[in-house]
>>> print(open('entry_7.cif').read())   # mmCIF, C-alpha atoms; chains and numbers go by the auth columns
data_entry
loop_
_atom_site.group_PDB
_atom_site.id
_atom_site.type_symbol
_atom_site.label_atom_id
_atom_site.label_comp_id
_atom_site.label_asym_id
_atom_site.label_seq_id
_atom_site.Cartn_x
_atom_site.Cartn_y
_atom_site.Cartn_z
_atom_site.B_iso_or_equiv
_atom_site.auth_seq_id
_atom_site.auth_asym_id
ATOM 1 C CA MET A 1 -5.688 29.723 -24.556 0.00 1 X
ATOM 2 C CA THR A 2 -7.832 31.683 -26.994 0.00 2 X
ATOM 3 C CA VAL A 3 -6.664 33.273 -30.230 0.00 3 X
ATOM 4 C CA ASP A 4 -8.214 35.965 -32.405 0.00 4 X
ATOM 5 C CA ALA A 5 -8.654 35.065 -36.073 0.00 5 X
ATOM 6 C CA TYR A 6 -8.211 38.002 -38.434 0.00 6 X
ATOM 7 C CA GLY A 7 -4.952 39.840 -37.854 0.00 7 X
ATOM 8 C CA THR A 8 -3.656 37.221 -35.419 0.00 8 X
ATOM 9 C CA LEU A 9 -4.159 33.814 -37.004 0.00 9 X
ATOM 10 C CA VAL A 10 -5.026 34.703 -40.605 0.00 10 X
ATOM 11 C CA SER A 11 -4.733 37.567 -43.063 0.00 11 X
ATOM 12 C CA LEU A 12 -6.647 38.422 -46.240 0.00 12 X
ATOM 13 C CA ASP A 13 -5.030 38.459 -49.657 0.00 13 X
ATOM 14 C CA ASP A 14 -5.758 41.680 -51.534 0.00 14 X
ATOM 15 C CA PRO A 15 -9.231 40.946 -52.959 0.00 15 X
ATOM 16 C CA VAL A 16 -9.305 43.877 -55.383 0.00 16 X
ATOM 17 C CA PRO A 17 -7.792 42.079 -58.422 0.00 17 X
ATOM 18 C CA ARG A 18 -10.188 39.142 -58.009 0.00 18 X
ATOM 19 C CA LEU A 19 -13.161 41.455 -57.528 0.00 19 X
ATOM 20 C CA ARG A 20 -12.240 43.444 -60.642 0.00 20 X
ATOM 21 C CA GLN A 21 -12.069 40.205 -62.599 0.00 21 X
ATOM 22 C CA ALA A 22 -15.424 39.052 -61.202 0.00 22 X
ATOM 23 C CA LEU A 23 -17.029 42.331 -62.272 0.00 23 X
ATOM 24 C CA ARG A 24 -15.334 42.187 -65.679 0.00 24 X
ATOM 25 C CA ALA A 25 -16.739 38.704 -66.230 0.00 25 X
ATOM 26 C CA GLN A 26 -20.186 40.254 -65.795 0.00 26 X
ATOM 27 C CA GLY A 27 -19.445 43.036 -68.257 0.00 27 X
ATOM 28 C CA VAL A 28 -18.636 45.689 -65.648 0.00 28 X
ATOM 29 C CA GLU A 29 -15.278 47.443 -65.967 0.00 29 X
ATOM 30 C CA ARG A 30 -14.065 49.380 -62.928 0.00 30 X
ATOM 31 C CA SER A 31 -10.688 50.779 -61.933 0.00 31 X
ATOM 32 C CA GLU A 32 -8.624 49.365 -59.113 0.00 32 X
ATOM 33 C CA ALA A 33 -9.353 52.471 -57.022 0.00 33 X
ATOM 34 C CA GLU A 34 -13.107 52.178 -57.634 0.00 34 X
ATOM 35 C CA VAL A 35 -13.145 48.522 -56.613 0.00 35 X
ATOM 36 C CA ALA A 36 -11.007 49.258 -53.554 0.00 36 X
ATOM 37 C CA ARG A 37 -13.465 51.947 -52.423 0.00 37 X
ATOM 38 C CA ALA A 38 -16.392 49.603 -52.980 0.00 38 X
ATOM 39 C CA PHE A 39 -14.707 46.864 -50.961 0.00 39 X
ATOM 40 C CA ALA A 40 -13.979 49.308 -48.134 0.00 40 X
ATOM 41 C CA ALA A 41 -17.693 50.168 -48.078 0.00 41 X
ATOM 42 C CA GLU A 42 -18.557 46.480 -47.807 0.00 42 X
ATOM 43 C CA VAL A 43 -16.087 45.971 -44.944 0.00 43 X
ATOM 44 C CA ALA A 44 -17.561 48.934 -43.056 0.00 44 X
ATOM 45 C CA TYR A 45 -20.999 47.390 -43.471 0.00 45 X
ATOM 46 C CA TYR A 46 -19.983 43.821 -42.607 0.00 46 X
ATOM 47 C CA VAL A 47 -17.837 44.280 -39.513 0.00 47 X
ATOM 48 C CA PRO A 48 -20.540 45.466 -37.061 0.00 48 X
ATOM 49 C CA LEU A 49 -23.063 42.966 -38.477 0.00 49 X
ATOM 50 C CA SER A 50 -20.837 39.894 -38.817 0.00 50 X
ATOM 51 C CA TYR A 51 -22.375 38.240 -35.761 0.00 51 X
ATOM 52 C CA GLU A 52 -25.767 38.138 -37.502 0.00 52 X
ATOM 53 C CA GLY A 53 -24.593 35.299 -39.782 0.00 53 X
ATOM 54 C CA ARG A 54 -25.384 32.646 -37.211 0.00 54 X
ATOM 55 C CA ASP A 55 -26.682 29.779 -39.376 0.00 55 X
ATOM 56 C CA GLU A 56 -26.996 28.776 -43.017 0.00 56 X
ATOM 57 C CA ALA A 57 -30.041 30.939 -43.703 0.00 57 X
ATOM 58 C CA THR A 58 -28.875 34.112 -41.966 0.00 58 X
ATOM 59 C CA LEU A 59 -25.374 33.695 -43.401 0.00 59 X
ATOM 60 C CA ALA A 60 -26.787 33.590 -46.931 0.00 60 X
ATOM 61 C CA LEU A 61 -28.754 36.769 -46.255 0.00 61 X
ATOM 62 C CA LEU A 62 -25.710 38.515 -44.802 0.00 62 X
ATOM 63 C CA ARG A 63 -23.574 37.548 -47.774 0.00 63 X
ATOM 64 C CA ARG A 64 -26.253 38.755 -50.188 0.00 64 X
ATOM 65 C CA ASP A 65 -26.506 42.080 -48.378 0.00 65 X
ATOM 66 C CA CYS A 66 -22.720 42.489 -48.351 0.00 66 X
ATOM 67 C CA ALA A 67 -22.618 41.837 -52.082 0.00 67 X
ATOM 68 C CA ALA A 68 -25.360 44.421 -52.537 0.00 68 X
ATOM 69 C CA VAL A 69 -23.374 47.027 -50.617 0.00 69 X
ATOM 70 C CA PHE A 70 -20.285 46.310 -52.703 0.00 70 X
ATOM 71 C CA LEU A 71 -22.164 46.459 -56.002 0.00 71 X
ATOM 72 C CA ASP A 72 -23.946 49.666 -55.059 0.00 72 X
ATOM 73 C CA ALA A 73 -20.678 51.313 -54.045 0.00 73 X
ATOM 74 C CA ALA A 74 -19.125 50.163 -57.331 0.00 74 X
ATOM 75 C CA GLY A 75 -22.078 51.463 -59.330 0.00 75 X
ATOM 76 C CA ALA A 76 -22.619 47.992 -60.789 0.00 76 X
ATOM 77 C CA GLU A 77 -26.187 47.073 -61.684 0.00 77 X
ATOM 78 C CA LEU A 78 -25.899 43.364 -60.999 0.00 78 X
ATOM 79 C CA GLU A 79 -28.082 41.055 -58.935 0.00 79 X
ATOM 80 C CA PRO A 80 -26.575 40.700 -55.418 0.00 80 X
ATOM 81 C CA GLU A 81 -27.865 37.152 -54.996 0.00 81 X
ATOM 82 C CA SER A 82 -26.052 35.948 -58.098 0.00 82 X
ATOM 83 C CA PHE A 83 -22.886 37.955 -57.398 0.00 83 X
ATOM 84 C CA ALA A 84 -22.566 36.873 -53.750 0.00 84 X
ATOM 85 C CA ALA A 85 -20.749 33.640 -54.651 0.00 85 X
ATOM 86 C CA ASP A 86 -18.253 35.535 -56.836 0.00 86 X
ATOM 87 C CA PHE A 87 -17.698 38.021 -54.032 0.00 87 X
ATOM 88 C CA LEU A 88 -17.051 35.250 -51.528 0.00 88 X
ATOM 89 C CA ARG A 89 -14.591 33.481 -53.859 0.00 89 X
ATOM 90 C CA SER A 90 -12.620 36.722 -54.059 0.00 90 X
ATOM 91 C CA LEU A 91 -11.882 36.545 -50.330 0.00 91 X
ATOM 92 C CA VAL A 92 -8.806 34.365 -49.935 0.00 92 X
ATOM 93 C CA PHE A 93 -7.355 34.007 -46.449 0.00 93 X
ATOM 94 C CA ARG A 94 -3.833 32.908 -45.518 0.00 94 X
ATOM 95 C CA PRO A 95 -2.227 31.885 -42.224 0.00 95 X
ATOM 96 C CA LEU A 96 -0.069 34.666 -40.857 0.00 96 X
ATOM 97 C CA PRO A 97 3.675 33.952 -40.746 0.00 97 X
ATOM 98 C CA GLY A 98 4.546 31.686 -37.838 0.00 98 X
ATOM 99 C CA ALA A 99 0.926 31.135 -36.797 0.00 99 X
ATOM 100 C CA GLU A 100 0.737 27.456 -37.720 0.00 100 X
ATOM 101 C CA ASP A 101 4.030 26.612 -36.035 0.00 101 X
ATOM 102 C CA ALA A 102 2.960 28.536 -32.939 0.00 102 X
ATOM 103 C CA CYS A 103 -0.262 26.543 -32.676 0.00 103 X
ATOM 104 C CA ARG A 104 1.636 23.277 -33.040 0.00 104 X
ATOM 105 C CA ALA A 105 4.160 24.282 -30.382 0.00 105 X
ATOM 106 C CA LEU A 106 1.428 25.243 -27.943 0.00 106 X
ATOM 107 C CA ARG A 107 -0.490 22.001 -28.500 0.00 107 X
ATOM 108 C CA GLU A 108 2.697 19.953 -28.046 0.00 108 X
ATOM 109 C CA ARG A 109 2.996 21.515 -24.598 0.00 109 X
ATOM 110 C CA GLY A 110 -0.546 20.442 -23.759 0.00 110 X
ATOM 111 C CA ILE A 111 -2.204 23.832 -24.108 0.00 111 X
ATOM 112 C CA ARG A 112 -5.786 23.675 -25.367 0.00 112 X
ATOM 113 C CA LEU A 113 -6.594 26.270 -28.019 0.00 113 X
ATOM 114 C CA ALA A 114 -9.752 27.997 -29.174 0.00 114 X
ATOM 115 C CA VAL A 115 -10.182 30.584 -31.901 0.00 115 X
ATOM 116 C CA VAL A 116 -12.486 33.409 -30.817 0.00 116 X
ATOM 117 C CA SER A 117 -13.422 35.971 -33.415 0.00 117 X
ATOM 118 C CA ASN A 118 -15.888 38.631 -34.497 0.00 118 X
ATOM 119 C CA TRP A 119 -16.979 36.668 -37.540 0.00 119 X
ATOM 120 C CA ASP A 120 -19.983 34.891 -39.001 0.00 120 X
ATOM 121 C CA VAL A 121 -20.229 31.109 -38.789 0.00 121 X
ATOM 122 C CA GLY A 122 -18.479 30.881 -42.150 0.00 122 X
ATOM 123 C CA LEU A 123 -15.191 31.153 -40.239 0.00 123 X
ATOM 124 C CA HIS A 124 -15.355 27.393 -39.655 0.00 124 X
ATOM 125 C CA GLU A 125 -15.238 26.808 -43.412 0.00 125 X
ATOM 126 C CA HIS A 126 -12.406 29.281 -43.970 0.00 126 X
ATOM 127 C CA LEU A 127 -10.251 27.625 -41.293 0.00 127 X
ATOM 128 C CA ALA A 128 -11.066 24.154 -42.618 0.00 128 X
ATOM 129 C CA VAL A 129 -9.874 25.148 -46.102 0.00 129 X
ATOM 130 C CA LEU A 130 -6.592 26.286 -44.555 0.00 130 X
ATOM 131 C CA ARG A 131 -6.486 23.143 -42.373 0.00 131 X
ATOM 132 C CA LEU A 132 -6.088 25.381 -39.350 0.00 132 X
ATOM 133 C CA ASP A 133 -9.129 23.825 -37.714 0.00 133 X
ATOM 134 C CA ARG A 134 -6.968 20.745 -37.075 0.00 134 X
ATOM 135 C CA LEU A 135 -4.580 22.791 -34.941 0.00 135 X
ATOM 136 C CA VAL A 136 -7.188 24.049 -32.457 0.00 136 X
ATOM 137 C CA ASP A 137 -9.689 22.425 -30.139 0.00 137 X
ATOM 138 C CA ALA A 138 -12.568 24.813 -30.788 0.00 138 X
ATOM 139 C CA VAL A 139 -13.664 27.658 -33.039 0.00 139 X
ATOM 140 C CA VAL A 140 -16.120 30.154 -31.565 0.00 140 X
ATOM 141 C CA THR A 141 -17.539 33.084 -33.494 0.00 141 X
ATOM 142 C CA SER A 142 -19.421 36.122 -32.246 0.00 142 X
ATOM 143 C CA ALA A 143 -22.323 34.829 -34.347 0.00 143 X
ATOM 144 C CA GLU A 144 -22.497 31.665 -32.233 0.00 144 X
ATOM 145 C CA ALA A 145 -22.052 33.621 -29.004 0.00 145 X
ATOM 146 C CA GLY A 146 -24.754 36.124 -29.961 0.00 146 X
ATOM 147 C CA ALA A 147 -22.661 39.250 -29.439 0.00 147 X
ATOM 148 C CA PRO A 148 -19.420 40.712 -30.805 0.00 148 X
ATOM 149 C CA LYS A 149 -16.265 41.357 -28.834 0.00 149 X
ATOM 150 C CA PRO A 150 -15.587 43.107 -26.499 0.00 150 X
ATOM 151 C CA ASP A 151 -18.703 41.443 -25.059 0.00 151 X
ATOM 152 C CA THR A 152 -17.451 38.536 -22.964 0.00 152 X
ATOM 153 C CA ALA A 153 -19.945 36.015 -24.362 0.00 153 X
ATOM 154 C CA VAL A 154 -17.541 34.660 -26.986 0.00 154 X
ATOM 155 C CA TRP A 155 -14.868 33.964 -24.353 0.00 155 X
ATOM 156 C CA ARG A 156 -17.341 32.343 -21.971 0.00 156 X
ATOM 157 C CA LEU A 157 -18.490 30.013 -24.724 0.00 157 X
ATOM 158 C CA ALA A 158 -14.917 29.252 -25.779 0.00 158 X
ATOM 159 C CA LEU A 159 -13.822 28.352 -22.256 0.00 159 X
ATOM 160 C CA GLU A 160 -16.883 26.139 -21.913 0.00 160 X
ATOM 161 C CA ARG A 161 -15.930 24.312 -25.111 0.00 161 X
ATOM 162 C CA LEU A 162 -12.398 23.926 -23.779 0.00 162 X
ATOM 163 C CA GLY A 163 -13.781 21.801 -20.984 0.00 163 X
ATOM 164 C CA GLY A 164 -14.619 24.556 -18.542 0.00 164 X
ATOM 165 C CA ALA A 165 -11.184 26.168 -18.469 0.00 165 X
ATOM 166 C CA ALA A 166 -10.753 28.762 -15.735 0.00 166 X
ATOM 167 C CA PRO A 167 -10.398 32.293 -17.158 0.00 167 X
ATOM 168 C CA GLU A 168 -7.741 33.260 -14.619 0.00 168 X
ATOM 169 C CA ARG A 169 -5.583 30.383 -15.904 0.00 169 X
ATOM 170 C CA SER A 170 -6.177 31.271 -19.551 0.00 170 X
ATOM 171 C CA VAL A 171 -4.685 33.796 -21.939 0.00 171 X
ATOM 172 C CA HIS A 172 -6.008 35.473 -25.067 0.00 172 X
ATOM 173 C CA VAL A 173 -3.846 36.588 -27.984 0.00 173 X
ATOM 174 C CA GLY A 174 -5.197 39.339 -30.207 0.00 174 X
ATOM 175 C CA ASP A 175 -4.284 42.344 -32.283 0.00 175 X
ATOM 176 C CA SER A 176 -6.738 45.023 -31.174 0.00 176 X
ATOM 177 C CA GLY A 177 -7.989 47.028 -28.238 0.00 177 X
ATOM 178 C CA VAL A 178 -11.257 45.145 -28.486 0.00 178 X
ATOM 179 C CA ASP A 179 -9.360 41.920 -27.799 0.00 179 X
ATOM 180 C CA ALA A 180 -7.529 43.378 -24.825 0.00 180 X
ATOM 181 C CA GLU A 181 -10.666 44.958 -23.366 0.00 181 X
ATOM 182 C CA GLY A 182 -12.880 41.914 -23.804 0.00 182 X
ATOM 183 C CA ALA A 183 -10.302 39.437 -22.534 0.00 183 X
ATOM 184 C CA ALA A 184 -9.743 41.498 -19.403 0.00 184 X
ATOM 185 C CA ALA A 185 -13.473 41.758 -18.789 0.00 185 X
ATOM 186 C CA ALA A 186 -13.770 37.982 -19.159 0.00 186 X
ATOM 187 C CA GLY A 187 -10.947 37.481 -16.644 0.00 187 X
ATOM 188 C CA LEU A 188 -8.291 36.240 -19.074 0.00 188 X
ATOM 189 C CA HIS A 189 -4.716 37.429 -19.351 0.00 189 X
ATOM 190 C CA PHE A 190 -3.859 39.172 -22.601 0.00 190 X
ATOM 191 C CA GLU A 191 -0.888 38.893 -24.936 0.00 191 X
ATOM 192 C CA PRO A 192 -0.585 41.066 -28.051 0.00 192 X
ATOM 193 C CA ALA A 193 -0.100 39.579 -31.520 0.00 193 X
ATOM 194 C CA PRO A 194 1.812 38.374 -33.463 0.00 194 X
ATOM 195 C CA LEU A 195 0.923 34.870 -32.388 0.00 195 X
ATOM 196 C CA ALA A 196 4.444 33.527 -32.846 0.00 196 X
ATOM 197 C CA GLY A 197 5.853 36.061 -30.406 0.00 197 X
ATOM 198 C CA ALA A 198 3.044 35.588 -27.923 0.00 198 X
ATOM 199 C CA ALA A 199 3.471 31.805 -28.002 0.00 199 X
ATOM 200 C CA ALA A 200 7.194 32.160 -27.350 0.00 200 X
ATOM 201 C CA ARG A 201 6.519 34.362 -24.325 0.00 201 X
ATOM 202 C CA ILE A 202 3.855 32.015 -22.962 0.00 202 X
ATOM 203 C CA LEU A 203 5.967 28.890 -23.395 0.00 203 X
ATOM 204 C CA ALA A 204 8.950 30.572 -21.770 0.00 204 X
#
>>> encode(input="entry_7.cif", output="structure tokens")
Amino acid sequence: MTVDAYGTLVSLDDPVPRLRQALRAQGVERSEAEVARAFAAEVAYYVPLSYEGRDEATLALLRRDCAAVFLDAAGAELEPESFAADFLRSLVFRPLPGAEDACRALRERGIRLAVVSNWDVGLHEHLAVLRLDRLVDAVVTSAEAGAPKPDTAVWRLALERLGGAAPERSVHVGDSGVDAEGAAAAGLHFEPAPLAGAAARILA
């Protein structure tokens, strides 16, 4: 079984208050609306390029560039390289309700799990902080696969890391059309999020 990360396994706390504080600490005062618009600009930049953060060096460059986009959109004349760490610390992820229990229930029934996500390789660190990495057998990002979903590469790599699991005997849980489209193209069944509901249906 494969599981999407953002929107299925984890969610993001509102980063705007933390980002405002990070800017304020550097002497830059911006309104909540201004910071929210700047963050939206960064998200729009990051999402299609997330798979380019494939190792330590390229991840650092991607994070620097994302910080630069945010700062530019906020009209803040700060150095992106020095602000990148503050920006990253402002991104706090949480397990979605029921996600941890669902993973445990699936593993107790002998189902092998892999997270597959359009994300840079930093996803491993985020899941480790949340201790979610201990509830799955593999974590595969689009950065490691070399292409973002709906390309099937991330599912092929995940099934390989799950010991060569057959796609026709596997299911993917996700929260978007990209998940449904890519899973179908890779030959997996699809169940829509939330994960808790999908797990209940699968186990039934």
>>> closest_residue(input="entry_7.cif", among="X:Ile111, X:Ala153, X:Leu19, X:Ala102", to="X:Ala85", atoms="all atoms listed in the file")
X:Leu19
>>> closest_residue(input="entry_7.cif", among="X:Val140, X:Ala180, X:Ala22, X:Ala199", to="X:Ala84", atoms="all atoms listed in the file")
X:Ala22
>>> residues_around(input="entry_7.cif", residues="X:Glu77", least_positions_apart="4", cutoff="12 Å", atoms="all atoms listed in the file", output="list in words")
Leu23, Gln26, Gly27, Val28, Glu29, Ala67, Ala68, Val69, Phe70, Leu71, Asp72, Ala73, Ser82 and Phe83 of chain X
>>> write_last_selection(input="entry_7.cif", atoms="C-alpha atoms", output="PDB file, keeping the file's coordinate frame")
ATOM      1  CA  LEU X  23     -17.029  42.331 -62.272  1.00  0.00           C
ATOM      2  CA  GLN X  26     -20.186  40.254 -65.795  1.00  0.00           C
ATOM      3  CA  GLY X  27     -19.445  43.036 -68.257  1.00  0.00           C
ATOM      4  CA  VAL X  28     -18.636  45.689 -65.648  1.00  0.00           C
ATOM      5  CA  GLU X  29     -15.278  47.443 -65.967  1.00  0.00           C
ATOM      6  CA  ALA X  67     -22.618  41.837 -52.082  1.00  0.00           C
ATOM      7  CA  ALA X  68     -25.360  44.421 -52.537  1.00  0.00           C
ATOM      8  CA  VAL X  69     -23.374  47.027 -50.617  1.00  0.00           C
ATOM      9  CA  PHE X  70     -20.285  46.310 -52.703  1.00  0.00           C
ATOM     10  CA  LEU X  71     -22.164  46.459 -56.002  1.00  0.00           C
ATOM     11  CA  ASP X  72     -23.946  49.666 -55.059  1.00  0.00           C
ATOM     12  CA  ALA X  73     -20.678  51.313 -54.045  1.00  0.00           C
ATOM     13  CA  SER X  82     -26.052  35.948 -58.098  1.00  0.00           C
ATOM     14  CA  PHE X  83     -22.886  37.955 -57.398  1.00  0.00           C
TER      15      PHE X  83
END
>>> residues_around(input="entry_7.cif", residues="X:Leu157", least_positions_apart="5", cutoff="9 Å", atoms="only C-alpha atoms", output="MDAnalysis selection string")
chainID X and resid 140 144:145 152 162
>>> resolve_selection(input="entry_7.cif", expression="the PyMOL selection byres ((chain X and resi 41) around 10)", output="number ranges by chain")
X: 35-40, 42-46, 66, 69-74
>>> atom_distance(input="entry_7.cif", atom1="atom CA of X:Leu62", atom2="atom CA of X:Ser90")
16.1 Å
>>> resolve_selection(input="entry_7.cif", expression="the PyMOL selection byres ((chain X and resi 6-11) around 8)", output="PDB file with C-alpha atoms, in the frame of the given file")
ATOM      1  CA  VAL X   3      -6.664  33.273 -30.230  1.00  0.00           C
ATOM      2  CA  ASP X   4      -8.214  35.965 -32.405  1.00  0.00           C
ATOM      3  CA  ALA X   5      -8.654  35.065 -36.073  1.00  0.00           C
ATOM      4  CA  LEU X  12      -6.647  38.422 -46.240  1.00  0.00           C
ATOM      5  CA  ASP X  13      -5.030  38.459 -49.657  1.00  0.00           C
ATOM      6  CA  PHE X  93      -7.355  34.007 -46.449  1.00  0.00           C
ATOM      7  CA  ARG X  94      -3.833  32.908 -45.518  1.00  0.00           C
ATOM      8  CA  PRO X  95      -2.227  31.885 -42.224  1.00  0.00           C
ATOM      9  CA  LEU X  96      -0.069  34.666 -40.857  1.00  0.00           C
ATOM     10  CA  ALA X  99       0.926  31.135 -36.797  1.00  0.00           C
ATOM     11  CA  SER X 117     -13.422  35.971 -33.415  1.00  0.00           C
ATOM     12  CA  VAL X 173      -3.846  36.588 -27.984  1.00  0.00           C
ATOM     13  CA  GLY X 174      -5.197  39.339 -30.207  1.00  0.00           C
ATOM     14  CA  ASP X 175      -4.284  42.344 -32.283  1.00  0.00           C
ATOM     15  CA  ALA X 193      -0.100  39.579 -31.520  1.00  0.00           C
ATOM     16  CA  PRO X 194       1.812  38.374 -33.463  1.00  0.00           C
ATOM     17  CA  LEU X 195       0.923  34.870 -32.388  1.00  0.00           C
TER      18      LEU X 195
END
>>> residues_around(input="entry_7.cif", residues="X:Glu125", least_positions_apart="4", cutoff="12 Å", atoms="all atoms listed in the file", output="list in words")
Glu56, Leu88, Val92, Phe93, Trp119, Asp120, Val121, Val129, Leu130, Arg131, Leu132, Asp133, Val139 and Thr141 of chain X
>>> write_last_selection(input="entry_7.cif", atoms="C-alpha atoms", output="mmCIF file, keeping the file's coordinate frame")
data_model
loop_
_atom_site.group_PDB
_atom_site.id
_atom_site.type_symbol
_atom_site.label_atom_id
_atom_site.label_comp_id
_atom_site.auth_asym_id
_atom_site.auth_seq_id
_atom_site.Cartn_x
_atom_site.Cartn_y
_atom_site.Cartn_z
ATOM 1 C CA GLU X 56 -26.996 28.776 -43.017
ATOM 2 C CA LEU X 88 -17.051 35.250 -51.528
ATOM 3 C CA VAL X 92 -8.806 34.365 -49.935
ATOM 4 C CA PHE X 93 -7.355 34.007 -46.449
ATOM 5 C CA TRP X 119 -16.979 36.668 -37.540
ATOM 6 C CA ASP X 120 -19.983 34.891 -39.001
ATOM 7 C CA VAL X 121 -20.229 31.109 -38.789
ATOM 8 C CA VAL X 129 -9.874 25.148 -46.102
ATOM 9 C CA LEU X 130 -6.592 26.286 -44.555
ATOM 10 C CA ARG X 131 -6.486 23.143 -42.373
ATOM 11 C CA LEU X 132 -6.088 25.381 -39.350
ATOM 12 C CA ASP X 133 -9.129 23.825 -37.714
ATOM 13 C CA VAL X 139 -13.664 27.658 -33.039
ATOM 14 C CA THR X 141 -17.539 33.084 -33.494
#
>>> atom_distance(input="entry_7.cif", atom1="atom CA of X:His172", atom2="atom CA of X:Leu123")
18.3 Å
>>> atom_distance(input="entry_7.cif", atom1="atom CA of X:Ser170", atom2="atom CA of X:Asp55")
28.6 Å
>>> resolve_selection(input="entry_7.cif", expression="the PyMOL selection byres ((chain X and resi 156) around 12)", output="NGL selection string")
:X and (2 or 114 or 116 or 140-142 or 144-147 or 149-155 or 157-167 or 170 or 182-183 or 185-188)
>>> closest_residue(input="entry_7.cif", among="X:Phe87, X:Met1, X:Pro48, X:Arg54", to="X:Val16", atoms="only C-alpha atoms")
X:Phe87
>>> closest_residue(input="entry_7.cif", among="X:Glu79, X:Glu191, X:Ala204, X:Ala143", to="X:Val47", atoms="only C-alpha atoms")
X:Ala143
>>> closest_residue(input="entry_7.cif", among="X:Val178, X:Ile202, X:Ala196, X:Leu49", to="X:Asp101", atoms="only C-alpha atoms")
X:Ala196
